[in-house]
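Accompanying notes for the structure given below.
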Amino acid sequence: MPLEAFQVLSAALFCIGLYGVLARRSAVLILMSIELMLNAVNINLIAAAAHMDQTAFTGQIIAIFVITVAAAEVGLALAIILRIFRNRSTVNVDEVDLMKW
Amino acid sequence: MSEPLFVIVAILTLGGGLGVVATRNVVHAALFLLLSLVSVAGIYLLVFAEFLALVQVLIYGGAIIIVLIFAIMLTRSQEYPRISDNPQWPLAIVAGLAVFGVLAASFLWNLPPASEPEGPGLAKIGESLFTKWAVPFEVVSLVLLVALVGAIIIAGRAGDRE
Amino acid sequence: MRIVDFFLIILGLLVLFTALSVVVLSLTWLERKFLGRLQRRLGPNRTGPMGLLQPVADAVKLVLKEDILPSSADRAIFWVAPLVVLVPSFMLWVTIPAAENLVLRNVDMGLFYIIAFSVITILGLVLAGWGSANKYGILGGLRSSAQLISYEIPVIMVVIAVAMMAQSLNLIHITNFQLPGIQSITPETARLEAGIQNVPFAVLQPLGMVIFLIAGLAEVGRTPFDIYFAESEIVGGPFVEYSGAHWSVFFLAEYMNTFIIAALTALLFLGGWHGPFNPTSPQWLESLVGVVWFLVKTYFVILVIFWIRGTFPRLRIDQLMAFAWQVVVPLSFANILITGVFMYYGWPWWSLTLMSLTLSSVIGYLIYKHVTAPARKVAEVYNRRRMIERQPRRQAGRQSSGPSAGPEEAVSGG
């Protein structure tokens, strides 16, 4: 498979995730869409490293770091969501707007 | 042989992604996300990155989805009104399509010099991680530690800190 | 890939599935007979000679039972959960070698593949508990995921220590490494083998084998770690609303997982298909004897697992989690540490055995003291009271009332 196929797939997945972040109301669903975006980036990095950088495979090492940081971020974001839910009984991000203008 | 496989795995990935952003039931969205992430592991296998495919299954399929389902359970997301979309979703579609257009054009415009895909093998990744990328490795483990300690403190029991 | 290869793989999968079903049926029969004998009774002996048709009767009963779907349960999740539990268990079997050339597909990172796919089973249990729309189901699902995730860590660490010794994640390489006199696999391993005698890893890392068995038992959910789905504790936990054919899927998955843990112990620690009487010349005879040795070792480990089930009481969930995080996880890290020290300094092979046994006996002694502390305290108080109770009779008749009055006075006075 040519490299462009993987890259266009990664772009499509990224844009699906982008739509999810912009259009969903529940914080948990937004978090899932962010995971989709991170995975799209990983596909791009790994495919590019496998096709072009066959001595050092830098992209795949960086993809490992991206997976790790994404895992940490999911844990932390869910802790924040739980806290917000405990205080306001909602996970709707439109209702958490005390500090808005 | 890899062409039909790629098409199947790509359909599963994009289908799972569309399921995440389009369904109204939160738990179904988590299951679609699982499908999508395991299909991404399949894509990694297509470029012979076996170690990363297994890491993807282990971490995403085994840990992150479970944490997401716990969060769905604890925030009782499925009991609240199932209006899960913003009123600005048409704008979101336009934005998504625009970004996709720009990205696809940039990927297809100047094709970089690419050869047949090759996998690194576990020994090469391990060597790289512990010699050239040792400092980022340690920093990332510190990031994990700080994030998890922070998560425990933030989500601590009600009344623990007050 | 040619069509012939494709059909060979399909045939291999069918053979594997049949063999697994036969093994699971034999395990159910073996367990009930063995537990019966441990408990001084006969076990099933009415259905067929020696109860050999009992698994068939069980299967027929389960299939004929009505499949109940609770009305407020989410139908999709209710149906998907047994699949998410069964499919990874079956996928693991594709890479387990029964003899050197009897493996469906030997993956180069076989051990890592096994670890990665055994973590997906946890998700199936959470979904099963959640999809049942039952309080106790959800509670059981949450507890099961906590237990399984906690005990996944020692399994991974012990497997890392074994991979460090064998310098490979390939199951066939690891098993062949345990054969005395084997040639080195790569030039790097030749350097390390100077210090490692090619003995089964049970001799080199007894602590590793014990941790693998304990954590593996907790992973599968067998007694003494089966509180999350025990009938008398939480009414079946995540499986409470499943009946009939659905429940038989979970039952099948549990026995397949038990067999996997036993097979992995036999491969990683006991030397797999190697034995004293292995012929090398005719290919089919070598495979056959290899499979026989593999099954003998695996069934031996399974009998030990059943023996543990018949002997120990169940651990409470907080005891279980305390045991995991305070004992097993630090021990598994210490196991990696001593393996690394041994490999780095190039000490002789018996030094690892010595360190391993010392660590396990120290920890075992500390656990013994901690667990028997209440009983020892009671015994100490009892002995002290008896010694005090003997003294008033030797004094000059002041407290000549019977022995029943003495201890109360002595205890209230002292």
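A note on labels: chains of the structure tokens are A, B, ... as shown, every chain counts residues from 1, and ligands are counted from 1 in their shown order.
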If you count only C-alpha atoms, which residues fall within 12 Å of Thr90 (chain A), apart from same-chain ones fewer than 2 positions away, as number ranges by chain? A: 25-28, 81-88, 92-96; B: 72, 74-81
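The residue set within 12 Å of Leu337 (chain C), counting only C-alpha atoms and dropping same-chain residues fewer than 4 places from it, reads C:Met157, C:Val158, C:Ile160, C:Ala161, C:Met164, C:Gly208, C:Pro330, C:Leu331, C:Ser332, C:Phe333, C:Val341, C:Phe342, C:Met343, C:Tyr344, C:Leu352, C:Met355, C:Ser356, C:Leu359.
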Residues of chain C near chain B: apply a cut-off of 12 Å, count only C-alpha atoms, and supply the list as a compact mmCIF listing (two decimals) with N, CA and C atoms, in the first residue's frame.
# COMPACT_ATOMS: atom_id res chain seq x y z
N MET C 1 -0.31 -15.50 -0.52
CA MET C 1 -0.63 -16.72 0.20
C MET C 1 -1.53 -17.59 -0.66
N ARG C 2 -1.15 -18.85 -0.81
CA ARG C 2 -1.92 -19.68 -1.73
C ARG C 2 -3.19 -20.19 -1.07
N ASP C 74 -29.42 -3.52 28.37
CA ASP C 74 -29.06 -3.05 27.03
C ASP C 74 -28.75 -4.26 26.17
N ARG C 75 -29.57 -4.49 25.16
CA ARG C 75 -29.46 -5.76 24.43
C ARG C 75 -28.13 -5.92 23.74
N ALA C 76 -27.62 -4.84 23.16
CA ALA C 76 -26.36 -4.96 22.41
C ALA C 76 -25.22 -5.37 23.33
N ILE C 77 -25.15 -4.70 24.50
CA ILE C 77 -24.04 -5.01 25.40
C ILE C 77 -24.21 -6.40 25.99
N PHE C 78 -25.47 -6.79 26.27
CA PHE C 78 -25.73 -8.11 26.83
C PHE C 78 -25.24 -9.20 25.89
N VAL C 80 -22.91 -8.71 23.39
CA VAL C 80 -21.51 -8.56 23.00
C VAL C 80 -20.57 -9.06 24.10
N ALA C 81 -21.01 -8.91 25.37
CA ALA C 81 -20.09 -9.22 26.48
C ALA C 81 -19.55 -10.65 26.46
N VAL C 84 -16.81 -10.81 23.90
CA VAL C 84 -15.56 -10.14 24.26
C VAL C 84 -14.79 -10.97 25.28
N PRO C 88 -10.95 -13.43 22.90
CA PRO C 88 -9.52 -13.36 23.23
C PRO C 88 -8.99 -14.66 23.80
N VAL C 107 4.01 -16.69 16.73
CA VAL C 107 4.28 -15.27 16.61
C VAL C 107 5.63 -14.98 17.25
N ASP C 108 6.40 -14.11 16.64
CA ASP C 108 7.72 -13.83 17.18
C ASP C 108 7.67 -13.19 18.55
N MET C 109 6.58 -12.46 18.82
CA MET C 109 6.43 -11.86 20.14
C MET C 109 5.30 -12.57 20.86
N GLY C 110 5.39 -13.90 20.93
CA GLY C 110 4.28 -14.69 21.42
C GLY C 110 3.84 -14.32 22.81
N LEU C 111 4.81 -14.11 23.73
CA LEU C 111 4.45 -13.80 25.11
C LEU C 111 3.72 -12.47 25.20
N PHE C 112 4.19 -11.48 24.47
CA PHE C 112 3.56 -10.18 24.51
C PHE C 112 2.16 -10.24 23.91
N TYR C 113 2.01 -11.02 22.87
CA TYR C 113 0.70 -11.21 22.27
C TYR C 113 -0.28 -11.80 23.28
N ILE C 114 0.21 -12.79 24.05
CA ILE C 114 -0.66 -13.42 25.05
C ILE C 114 -1.07 -12.42 26.11
N ILE C 115 -0.10 -11.61 26.58
CA ILE C 115 -0.43 -10.61 27.60
C ILE C 115 -1.44 -9.62 27.05
N ALA C 116 -1.20 -9.13 25.83
CA ALA C 116 -2.07 -8.07 25.30
C ALA C 116 -3.50 -8.55 25.16
N PHE C 117 -3.67 -9.79 24.66
CA PHE C 117 -5.05 -10.21 24.45
C PHE C 117 -5.71 -10.73 25.69
N SER C 118 -4.95 -11.09 26.73
CA SER C 118 -5.64 -11.50 27.95
C SER C 118 -6.17 -10.30 28.70
N VAL C 119 -5.75 -9.08 28.35
CA VAL C 119 -6.26 -7.91 29.03
C VAL C 119 -7.64 -7.54 28.50
N ILE C 120 -7.97 -7.97 27.27
CA ILE C 120 -9.27 -7.60 26.72
C ILE C 120 -10.39 -8.34 27.43
N THR C 121 -10.07 -9.51 28.03
CA THR C 121 -11.11 -10.27 28.73
C THR C 121 -11.73 -9.47 29.85
N ILE C 122 -10.89 -8.60 30.48
CA ILE C 122 -11.38 -7.81 31.61
C ILE C 122 -12.54 -6.93 31.17
N LEU C 123 -12.39 -6.37 29.96
CA LEU C 123 -13.44 -5.50 29.43
C LEU C 123 -14.75 -6.25 29.29
N GLY C 124 -14.65 -7.53 28.88
CA GLY C 124 -15.87 -8.32 28.70
C GLY C 124 -16.62 -8.49 30.01
N LEU C 125 -15.86 -8.67 31.12
CA LEU C 125 -16.54 -8.85 32.39
C LEU C 125 -17.23 -7.58 32.84
N VAL C 126 -16.58 -6.43 32.62
CA VAL C 126 -17.21 -5.17 33.00
C VAL C 126 -18.48 -4.96 32.19
N LEU C 127 -18.40 -5.26 30.88
CA LEU C 127 -19.58 -5.09 30.03
C LEU C 127 -20.68 -6.05 30.43
N ALA C 128 -20.30 -7.27 30.85
CA ALA C 128 -21.32 -8.24 31.26
C ALA C 128 -22.05 -7.74 32.49
N GLY C 129 -21.28 -7.22 33.47
CA GLY C 129 -21.91 -6.70 34.66
C GLY C 129 -22.80 -5.50 34.36
N TRP C 130 -22.33 -4.63 33.49
CA TRP C 130 -23.05 -3.42 33.15
C TRP C 130 -24.29 -3.74 32.35
N GLY C 131 -24.20 -4.65 31.42
CA GLY C 131 -25.32 -4.94 30.54
C GLY C 131 -26.43 -5.70 31.22
N ALA C 133 -27.98 -4.80 33.96
CA ALA C 133 -28.90 -3.88 34.63
C ALA C 133 -29.27 -4.38 36.01
N LYS C 135 -27.90 -4.43 40.15
CA LYS C 135 -26.93 -3.79 41.06
C LYS C 135 -25.76 -4.69 41.36
N ILE C 138 -23.38 -5.10 38.44
CA ILE C 138 -22.45 -3.98 38.22
C ILE C 138 -21.35 -4.01 39.26
N LEU C 139 -21.76 -4.29 40.52
CA LEU C 139 -20.77 -4.34 41.59
C LEU C 139 -19.76 -5.45 41.34
N GLY C 141 -18.99 -6.71 38.44
CA GLY C 141 -18.17 -6.35 37.30
C GLY C 141 -17.05 -5.40 37.70
N LEU C 142 -17.38 -4.39 38.55
CA LEU C 142 -16.35 -3.46 39.00
C LEU C 142 -15.29 -4.16 39.82
N ARG C 143 -15.75 -5.05 40.73
CA ARG C 143 -14.77 -5.75 41.56
C ARG C 143 -13.89 -6.66 40.72
N SER C 144 -14.51 -7.30 39.74
CA SER C 144 -13.72 -8.22 38.92
C SER C 144 -12.66 -7.46 38.15
N SER C 145 -13.03 -6.27 37.63
CA SER C 145 -12.03 -5.54 36.87
C SER C 145 -10.91 -5.06 37.78
N ALA C 146 -11.24 -4.63 39.01
CA ALA C 146 -10.19 -4.22 39.94
C ALA C 146 -9.23 -5.36 40.22
N LEU C 148 -8.74 -8.16 38.44
CA LEU C 148 -8.00 -8.66 37.29
C LEU C 148 -6.90 -7.69 36.88
N ILE C 149 -7.19 -6.37 36.95
CA ILE C 149 -6.15 -5.42 36.57
C ILE C 149 -5.00 -5.46 37.57
N SER C 150 -5.34 -5.61 38.87
CA SER C 150 -4.26 -5.64 39.87
C SER C 150 -3.37 -6.84 39.66
N GLU C 152 -2.86 -8.45 36.92
CA GLU C 152 -2.21 -8.50 35.60
C GLU C 152 -0.76 -8.08 35.73
N ILE C 156 2.69 -9.87 34.19
CA ILE C 156 3.55 -9.24 33.18
C ILE C 156 4.99 -9.20 33.67
N GLN C 167 16.08 -14.36 26.62
CA GLN C 167 16.44 -13.38 25.59
C GLN C 167 15.53 -13.46 24.37
N SER C 168 14.30 -13.83 24.59
CA SER C 168 13.39 -13.92 23.46
C SER C 168 11.97 -13.93 23.98
N LEU C 169 11.02 -13.46 23.13
CA LEU C 169 9.62 -13.54 23.52
C LEU C 169 8.92 -14.67 22.79
N ASN C 170 9.67 -15.41 21.99
CA ASN C 170 9.10 -16.47 21.18
C ASN C 170 8.93 -17.70 22.05
N GLU C 188 24.25 -13.00 20.69
CA GLU C 188 24.12 -12.29 21.96
C GLU C 188 23.82 -13.26 23.09
Write out as a PyMOL selection string which residues come within 9 Å of Thr68 (chain A) when counting only C-alpha atoms, dropping same-chain ones fewer than 6 positions away. chain B and resi 59+140-141+144
Polymer residues at most 9 Å from region 360-370 of chain C, only C-alpha atoms, same-chain spacing of 3 or more positions, as a compact mmCIF listing (two decimals) with N, CA and C atoms, in the first residue's frame:
# COMPACT_ATOMS: atom_id res chain seq x y z
N PRO C 206 12.16 -20.26 41.09
CA PRO C 206 10.97 -20.83 41.75
C PRO C 206 10.01 -19.77 42.21
N LEU C 207 10.56 -18.62 42.63
CA LEU C 207 9.69 -17.52 43.03
C LEU C 207 8.83 -17.06 41.87
N VAL C 210 5.94 -19.47 41.37
CA VAL C 210 4.90 -19.34 42.38
C VAL C 210 4.08 -18.08 42.13
N VAL C 327 2.01 -7.56 48.55
CA VAL C 327 2.90 -8.72 48.56
C VAL C 327 3.34 -9.09 47.15
N LEU C 331 6.99 -8.37 45.19
CA LEU C 331 7.78 -9.58 44.96
C LEU C 331 8.11 -9.75 43.50
N MET C 355 18.92 -17.00 45.59
CA MET C 355 18.29 -15.71 45.89
C MET C 355 16.79 -15.83 45.86
N SER C 356 16.30 -16.57 44.86
CA SER C 356 14.85 -16.72 44.69
C SER C 356 14.26 -17.43 45.91
N LEU C 357 14.89 -18.53 46.31
CA LEU C 357 14.35 -19.30 47.43
C LEU C 357 14.44 -18.49 48.71
N ALA C 373 -0.90 -14.34 63.52
CA ALA C 373 -0.74 -13.50 64.70
C ALA C 373 -1.94 -13.56 65.64
N PRO C 374 -3.19 -13.48 65.15
CA PRO C 374 -4.31 -13.57 66.11
C PRO C 374 -4.33 -14.89 66.84
N ARG C 376 -1.86 -16.87 67.46
CA ARG C 376 -0.77 -16.98 68.41
C ARG C 376 -1.02 -16.13 69.64
Could you find all residues in region 89-251 of chain C that DSSP calls helix (DSSP H, G or I) from the backbone, and write them as a PyMOL selection string? chain C and resi 89-95+110-118+120-131+135-166+171-177+187-192+201-204+206-220+227-229+231-234+237-239+245-251
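Excluding Phe137 (chain B) and any residue on its chain fewer than 6 positions from it, the residues at most 10 Å away by only C-alpha atoms are Ile61, Ile62, Ile64, Phe65 and Thr68 of chain A; Leu129, Phe130, Thr131 and Val143 of chain B.
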Selection export as a PDB file, in the first residue's frame, atoms kept: N, CA and C atoms:
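What ended up in out39.pdb:
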ATOM      1  N   ILE A  61       8.925   5.473  17.648  1.00  0.00           N
ATOM      2  CA  ILE A  61       9.271   5.769  19.038  1.00  0.00           C
ATOM      3  C   ILE A  61       8.398   6.905  19.551  1.00  0.00           C
ATOM      4  N   ILE A  62       8.245   7.939  18.712  1.00  0.00           N
ATOM      5  CA  ILE A  62       7.412   9.067  19.142  1.00  0.00           C
ATOM      6  C   ILE A  62       5.967   8.607  19.330  1.00  0.00           C
ATOM      7  N   ILE A  64       5.034   5.770  20.443  1.00  0.00           N
ATOM      8  CA  ILE A  64       4.948   5.154  21.776  1.00  0.00           C
ATOM      9  C   ILE A  64       4.732   6.233  22.824  1.00  0.00           C
ATOM     10  N   PHE A  65       5.487   7.352  22.687  1.00  0.00           N
ATOM     11  CA  PHE A  65       5.311   8.419  23.674  1.00  0.00           C
ATOM     12  C   PHE A  65       3.917   9.018  23.603  1.00  0.00           C
ATOM     13  N   THR A  68       1.503   6.814  25.405  1.00  0.00           N
ATOM     14  CA  THR A  68       1.646   6.908  26.854  1.00  0.00           C
ATOM     15  C   THR A  68       1.023   8.188  27.387  1.00  0.00           C
TER      16      THR A  68
ATOM     17  N   LEU B 129      14.978   3.064  22.450  1.00  0.00           N
ATOM     18  CA  LEU B 129      14.322   3.677  23.597  1.00  0.00           C
ATOM     19  C   LEU B 129      15.269   3.884  24.754  1.00  0.00           C
ATOM     20  N   PHE B 130      16.266   3.020  24.884  1.00  0.00           N
ATOM     21  CA  PHE B 130      17.109   3.119  26.066  1.00  0.00           C
ATOM     22  C   PHE B 130      18.434   3.786  25.804  1.00  0.00           C
ATOM     23  N   THR B 131      18.768   4.095  24.539  1.00  0.00           N
ATOM     24  CA  THR B 131      20.014   4.817  24.306  1.00  0.00           C
ATOM     25  C   THR B 131      19.737   6.219  23.797  1.00  0.00           C
ATOM     26  N   VAL B 143       5.801  11.918  33.692  1.00  0.00           N
ATOM     27  CA  VAL B 143       4.507  12.517  33.335  1.00  0.00           C
ATOM     28  C   VAL B 143       3.371  11.597  33.743  1.00  0.00           C
TER      29      VAL B 143
END
Counting only C-alpha atoms, which residues of chain B sit at most 6 Å from some atom of chain A, and what is each one's closest atom pair with its distance in Å to one decimal, listed by chain and rising residue number, as a Markdown table?
| residue | atom | partner | partner_atom | distance |
| --- | --- | --- | --- | --- |
| B:Val21 | CA | A:Gly20 | CA | 5.0 |
| B:Ser84 | CA | A:Arg25 | CA | 5.4 |
| B:Asp85 | CA | A:Arg24 | CA | 4.7 |
| B:Asn86 | CA | A:Ala23 | CA | 5.1 |
| B:Trp89 | CA | A:Ala23 | CA | 4.8 |
| B:Ala92 | CA | A:Tyr19 | CA | 5.3 |
| B:Gly96 | CA | A:Cys15 | CA | 5.0 |
| B:Phe100 | CA | A:Cys15 | CA | 5.9 |
| B:Ala104 | CA | A:Val8 | CA | 5.7 |
| B:Ala114 | CA | A:Met52 | CA | 5.2 |
| B:Ser115 | CA | A:His51 | CA | 5.5 |
| B:Glu116 | CA | A:His51 | CA | 5.9 |
| B:Pro117 | CA | A:His51 | CA | 4.5 |
| B:Glu118 | CA | A:Ala50 | CA | 5.4 |
| B:Leu144 | CA | A:Ala72 | CA | 5.4 |
| B:Ala147 | CA | A:Ala72 | CA | 5.7 |
| B:Ala151 | CA | A:Leu76 | CA | 4.8 |
| B:Ala155 | CA | A:Ala79 | CA | 4.9 |
Spatial neighbours of region 11-14 of chain B, max dist 7 Å, only C-alpha atoms, sep filter under 2 positions, as a short mmCIF file (atom, residue, chain, number, x, y, z; two decimals) with C-alpha atoms, in the first residue's frame:
data_model
loop_
_atom_site.label_atom_id
_atom_site.label_comp_id
_atom_site.auth_asym_id
_atom_site.auth_seq_id
_atom_site.Cartn_x
_atom_site.Cartn_y
_atom_site.Cartn_z
CA LEU A 13 -9.97 9.83 11.16
CA VAL B 7 -9.72 -1.60 2.64
CA ILE B 8 -11.40 -3.81 5.25
CA VAL B 9 -9.41 -2.41 8.16
CA GLY B 16 -15.99 2.90 14.31
CA GLY B 17 -15.05 6.55 14.30
CA LEU B 18 -18.33 7.56 12.70
CA SER B 36 -11.94 1.69 16.00
CA SER B 39 -8.75 -1.71 13.89
CA VAL B 40 -6.00 0.88 14.20
#
